[in-house]
file model-v3.cif (mmCIF, C-alpha atoms)
data_protein
loop_
_atom_site.label_atom_id
_atom_site.label_comp_id
_atom_site.auth_asym_id
_atom_site.auth_seq_id
_atom_site.Cartn_x
_atom_site.Cartn_y
_atom_site.Cartn_z
CA MET A 1 44.25 9.84 190.14
CA THR A 2 46.76 11.97 192.02
CA HIS A 3 49.49 10.97 194.44
CA SER A 4 51.32 12.92 197.08
CA VAL A 5 55.08 12.55 196.71
CA GLN A 6 57.73 13.81 199.08
CA PHE A 7 61.34 14.12 198.04
CA THR A 8 64.40 16.25 198.46
CA LEU A 9 64.77 18.88 195.76
CA ASN A 10 68.07 20.72 195.66
CA GLY A 11 68.66 19.96 199.33
CA ARG A 12 65.18 20.94 200.58
CA GLY A 13 62.24 18.70 201.35
CA VAL A 14 59.24 19.21 199.06
CA ARG A 15 55.81 17.72 198.62
CA ALA A 16 53.94 17.63 195.32
CA GLU A 17 50.59 16.34 194.15
CA VAL A 18 51.19 14.51 190.87
CA GLY A 19 49.10 12.56 188.41
CA ASP A 20 49.60 8.89 187.61
CA ASP A 21 51.18 9.71 184.27
CA GLU A 22 52.85 13.05 185.11
CA LEU A 23 56.43 13.20 183.94
CA LEU A 24 59.13 14.32 186.33
CA CYS A 25 60.19 17.12 183.95
CA ASP A 26 56.65 18.55 184.02
CA CYS A 27 56.40 18.28 187.80
CA LEU A 28 59.73 20.09 188.18
CA ARG A 29 59.00 22.85 185.67
CA GLU A 30 55.29 23.45 186.07
CA GLY A 31 54.64 22.27 189.59
CA LEU A 32 57.83 23.30 191.37
CA GLY A 33 59.16 26.17 189.26
CA GLN A 34 62.48 24.55 188.33
CA ILE A 35 62.47 25.97 184.81
CA GLY A 36 66.17 25.30 184.27
CA THR A 37 65.17 21.72 183.49
CA ARG A 38 64.57 21.94 179.76
CA VAL A 39 62.13 19.79 177.83
CA GLY A 40 63.43 19.08 174.36
CA CYS A 41 62.48 15.86 172.63
CA ARG A 42 60.31 14.15 175.29
CA GLU A 43 61.80 10.87 174.01
CA GLY A 44 65.00 10.62 176.07
CA VAL A 45 67.25 11.40 173.13
CA CYS A 46 68.52 14.95 173.58
CA GLY A 47 69.51 15.07 177.26
CA SER A 48 68.22 18.60 177.83
CA CYS A 49 66.02 17.42 180.69
CA ASN A 50 68.77 15.66 182.64
CA VAL A 51 68.59 15.97 186.41
CA LEU A 52 70.39 14.05 189.14
CA LEU A 53 68.43 11.39 190.98
CA ASP A 54 70.29 10.29 194.08
CA GLY A 55 73.42 11.70 192.44
CA LEU A 56 73.04 9.94 189.09
CA PRO A 57 71.94 11.60 185.85
CA VAL A 58 68.51 10.62 184.55
CA ARG A 59 66.25 11.83 181.76
CA SER A 60 63.39 13.51 183.58
CA CYS A 61 61.19 13.18 180.46
CA LEU A 62 61.36 9.40 180.82
CA MET A 63 60.52 9.23 184.53
CA LEU A 64 57.19 9.50 186.21
CA ALA A 65 57.08 11.99 189.06
CA VAL A 66 55.76 9.28 191.43
CA GLN A 67 59.09 7.45 191.00
CA VAL A 68 61.02 10.07 192.98
CA ASP A 69 59.03 9.66 196.20
CA GLY A 70 61.54 9.50 199.06
CA ARG A 71 64.53 10.23 196.84
CA ALA A 72 66.83 13.18 196.16
CA VAL A 73 66.54 15.23 192.97
CA THR A 74 69.02 17.90 191.95
CA THR A 75 68.25 20.27 189.11
CA VAL A 76 70.58 22.80 187.53
CA GLU A 77 69.26 25.34 190.03
CA GLY A 78 70.79 23.20 192.78
CA LEU A 79 74.33 23.07 191.41
CA ALA A 80 75.42 26.48 192.69
CA ARG A 81 76.05 26.76 196.43
CA ASP A 82 75.23 29.57 198.84
CA ASP A 83 78.20 31.57 200.03
CA LYS A 84 78.61 33.17 203.44
CA ARG A 85 77.47 36.60 202.21
CA GLY A 86 74.06 35.52 200.93
CA GLY A 87 75.15 35.10 197.31
CA GLN A 88 75.95 31.98 195.34
CA VAL A 89 79.11 30.30 194.16
CA LEU A 90 78.91 28.52 190.82
CA HIS A 91 79.67 24.81 190.65
CA PRO A 92 83.06 24.22 188.96
CA VAL A 93 81.29 22.87 185.87
CA GLN A 94 79.12 26.00 185.62
CA GLU A 95 82.20 28.18 186.04
CA ALA A 96 84.08 26.17 183.40
CA PHE A 97 81.22 26.56 180.91
CA ARG A 98 81.32 30.32 181.48
CA GLU A 99 85.10 30.59 181.23
CA CYS A 100 85.42 28.30 178.20
CA HIS A 101 82.46 29.77 176.28
CA ALA A 102 80.88 26.31 176.16
CA LEU A 103 77.37 27.44 175.34
CA GLN A 104 75.59 29.39 172.70
CA CYS A 105 71.80 29.35 172.84
CA GLY A 106 71.88 27.65 176.25
CA PHE A 107 68.97 25.28 175.69
CA CYS A 108 71.06 22.12 176.11
CA THR A 109 73.34 23.58 178.79
CA PRO A 110 71.44 22.39 181.91
CA GLY A 111 71.49 18.79 180.69
CA PHE A 112 75.20 18.97 179.95
CA LEU A 113 75.93 20.58 183.33
CA MET A 114 74.09 17.86 185.23
CA THR A 115 75.66 14.96 183.35
CA ILE A 116 79.18 16.39 183.50
CA ALA A 117 78.89 17.29 187.20
CA ALA A 118 77.81 13.73 188.00
CA GLY A 119 80.56 12.27 185.83
CA LEU A 120 83.26 14.36 187.46
CA ASP A 121 81.91 13.75 190.96
CA LYS A 122 82.13 9.97 190.59
CA ARG A 123 85.69 9.79 189.25
CA ASP A 124 88.99 9.84 191.10
CA PRO A 125 90.19 13.45 190.73
CA THR A 126 93.83 12.44 191.11
CA THR A 127 93.85 10.52 187.81
CA LYS A 128 94.23 12.15 184.42
CA LEU A 129 90.94 12.69 182.65
CA THR A 130 90.90 10.80 179.35
CA GLU A 131 89.21 11.86 176.13
CA GLU A 132 87.13 8.68 176.33
CA GLU A 133 85.78 9.77 179.72
CA VAL A 134 84.99 13.23 178.35
CA ASP A 135 83.23 11.69 175.35
CA ASP A 136 81.18 9.50 177.71
CA MET A 137 80.15 12.54 179.78
CA VAL A 138 79.00 14.61 176.81
CA GLY A 139 77.95 11.84 174.42
CA GLY A 140 74.37 11.50 175.60
CA ASN A 141 73.53 15.18 175.13
CA LEU A 142 72.72 16.90 171.88
CA CYS A 143 73.77 20.45 171.07
CA ARG A 144 72.71 22.00 167.80
CA CYS A 145 74.83 25.15 168.12
CA THR A 146 78.39 24.13 168.96
CA GLY A 147 80.92 21.69 167.65
CA TYR A 148 81.38 20.36 171.20
CA ALA A 149 85.02 21.56 171.29
CA ASN A 150 84.42 24.17 173.97
CA ILE A 151 82.13 21.84 175.91
CA LYS A 152 84.92 19.26 176.05
CA LYS A 153 87.39 22.00 176.97
CA ALA A 154 85.09 22.98 179.83
CA VAL A 155 85.02 19.38 181.11
CA HIS A 156 88.81 19.39 181.34
CA HIS A 157 88.78 22.83 182.94
CA ALA A 158 86.22 21.72 185.56
CA ALA A 159 88.14 18.50 186.27
CA GLU A 160 91.25 20.57 187.04
CA ALA A 161 89.26 22.90 189.29
CA MET A 162 87.77 19.94 191.18
CA LYS A 163 91.15 18.41 192.08
#
call {"tool": "encode", "arguments": {"input": "model-v3.cif", "output": "structure tokens"}}
result
Amino acid sequence: MTHSVQFTLNGRGVRAEVGDDELLCDCLREGLGQIGTRVGCREGVCGSCNVLLDGLPVRSCLMLAVQVDGRAVTTVEGLARDDKRGGQVLHPVQEAFRECHALQCGFCTPGFLMTIAAGLDKRDPTTKLTEEEVDDMVGGNLCRCTGYANIKKAVHHAAEAMK
């Protein structure tokens, strides 16, 4: 059985026909072309498929697409903002990852970007970012290439930029 769902995707209203058991990650990638949402473990362990649902990070491999009806979903494609000249401006977390060399193969990067962006957005930017907060933001994502040092450096860099 299929269902028609309507939701906001990266600031734009969309409609999708989804199956009863269709995962959100599959709807985003295959149905809506948001291929930045990676599918790693399909068990909610790795964090590669993280997206924001109403501003909060969720594992899109653990959610059914029908669950987002009427809600707002942001994928990594929605982090950058349009500038006045028709281009895009990277989100501070994306810029920090670039500047701090916080990625290698890039497979896990979208999940990290989404979780860190949400974590930094919800905190008071006038307070000093603690290592415990940084560990909480990156702790639910697995990276097989790095030692997390540059990822954590990028979190601090983005937090400074977002002040």
call {"tool": "resolve_selection", "arguments": {"input": "model-v3.cif", "expression": "the PyMOL selection byres ((chain A and resi 67-74) around 7)", "output": "mmCIF file with C-alpha atoms, keeping the file's coordinate frame"}}
result
data_model
loop_
_atom_site.group_PDB
_atom_site.id
_atom_site.type_symbol
_atom_site.label_atom_id
_atom_site.label_comp_id
_atom_site.auth_asym_id
_atom_site.auth_seq_id
_atom_site.Cartn_x
_atom_site.Cartn_y
_atom_site.Cartn_z
ATOM 1 C CA VAL A 5 55.080 12.550 196.710
ATOM 2 C CA GLN A 6 57.730 13.810 199.080
ATOM 3 C CA PHE A 7 61.340 14.120 198.040
ATOM 4 C CA THR A 8 64.400 16.250 198.460
ATOM 5 C CA LEU A 9 64.770 18.880 195.760
ATOM 6 C CA ASN A 10 68.070 20.720 195.660
ATOM 7 C CA VAL A 51 68.590 15.970 186.410
ATOM 8 C CA LEU A 52 70.390 14.050 189.140
ATOM 9 C CA LEU A 53 68.430 11.390 190.980
ATOM 10 C CA ASP A 54 70.290 10.290 194.080
ATOM 11 C CA MET A 63 60.520 9.230 184.530
ATOM 12 C CA LEU A 64 57.190 9.500 186.210
ATOM 13 C CA ALA A 65 57.080 11.990 189.060
ATOM 14 C CA VAL A 66 55.760 9.280 191.430
ATOM 15 C CA THR A 75 68.250 20.270 189.110
ATOM 16 C CA VAL A 76 70.580 22.800 187.530
ATOM 17 C CA GLY A 78 70.790 23.200 192.780
#
call {"tool": "resolve_selection", "arguments": {"input": "model-v3.cif", "expression": "the PyMOL selection byres ((chain A and resi 27-44) around 7)", "output": "list in words"}}
result
Glu22, Leu23, Leu24, Cys25, Asp26, Val45, Cys46, Gly47, Ser48, Cys49, Arg59, Cys61, Leu62, Ala65, Thr75, Val76, Glu77, Phe107 and Pro110 of chain A
call {"tool": "resolve_selection", "arguments": {"input": "model-v3.cif", "expression": "the PyMOL selection byres ((chain A and resi 142) around 7)", "output": "PyMOL selection string"}}
result
chain A and resi 46-47+108+140-141+143-144
call {"tool": "atom_distance", "arguments": {"input": "model-v3.cif", "atom1": "CA of His157 in chain A", "atom2": "CA of Asp83 in chain A"}}
result
21.9 Å
call {"tool": "residues_around", "arguments": {"input": "model-v3.cif", "residues": "range 121-124 of chain A", "least_positions_apart": "3", "cutoff": "10 Å", "atoms": "all atoms listed in the file", "output": "list in words"}}
result
Gly55, Leu56, Thr115, Ile116, Ala117, Ala118, Thr127, Lys128, Leu129, Glu133, Ala159, Met162 and Lys163 of chain A
call {"tool": "residues_around", "arguments": {"input": "model-v3.cif", "residues": "range 95-97 of chain A", "least_positions_apart": "6", "cutoff": "7 Å", "atoms": "all atoms listed in the file", "output": "count of residues only"}}
result
5
call {"tool": "residues_around", "arguments": {"input": "model-v3.cif", "residues": "Ala161 in chain A", "least_positions_apart": "5", "cutoff": "10 Å", "atoms": "only C-alpha atoms", "output": "number ranges by chain"}}
result
A: 91-93, 95-96, 125, 155-156
call {"tool": "atom_distance", "arguments": {"input": "model-v3.cif", "atom1": "CA of Thr2 in chain A", "atom2": "CA of Ala16 in chain A"}}
result
9.7 Å
call {"tool": "atom_distance", "arguments": {"input": "model-v3.cif", "atom1": "CA of Cys100 in chain A", "atom2": "CA of Ala80 in chain A"}}
result
17.7 Å
call {"tool": "closest_residue", "arguments": {"input": "model-v3.cif", "among": "A:Gly11, A:Gln88, A:Thr126, A:Phe112", "to": "Gly139 in chain A", "atoms": "all atoms listed in the file"}}
result
A:Phe112
call {"tool": "closest_residue", "arguments": {"input": "model-v3.cif", "among": "A:Ser4, A:Gly106, A:Glu160, A:Met114", "to": "Val138 in chain A", "atoms": "all atoms listed in the file"}}
result
A:Met114
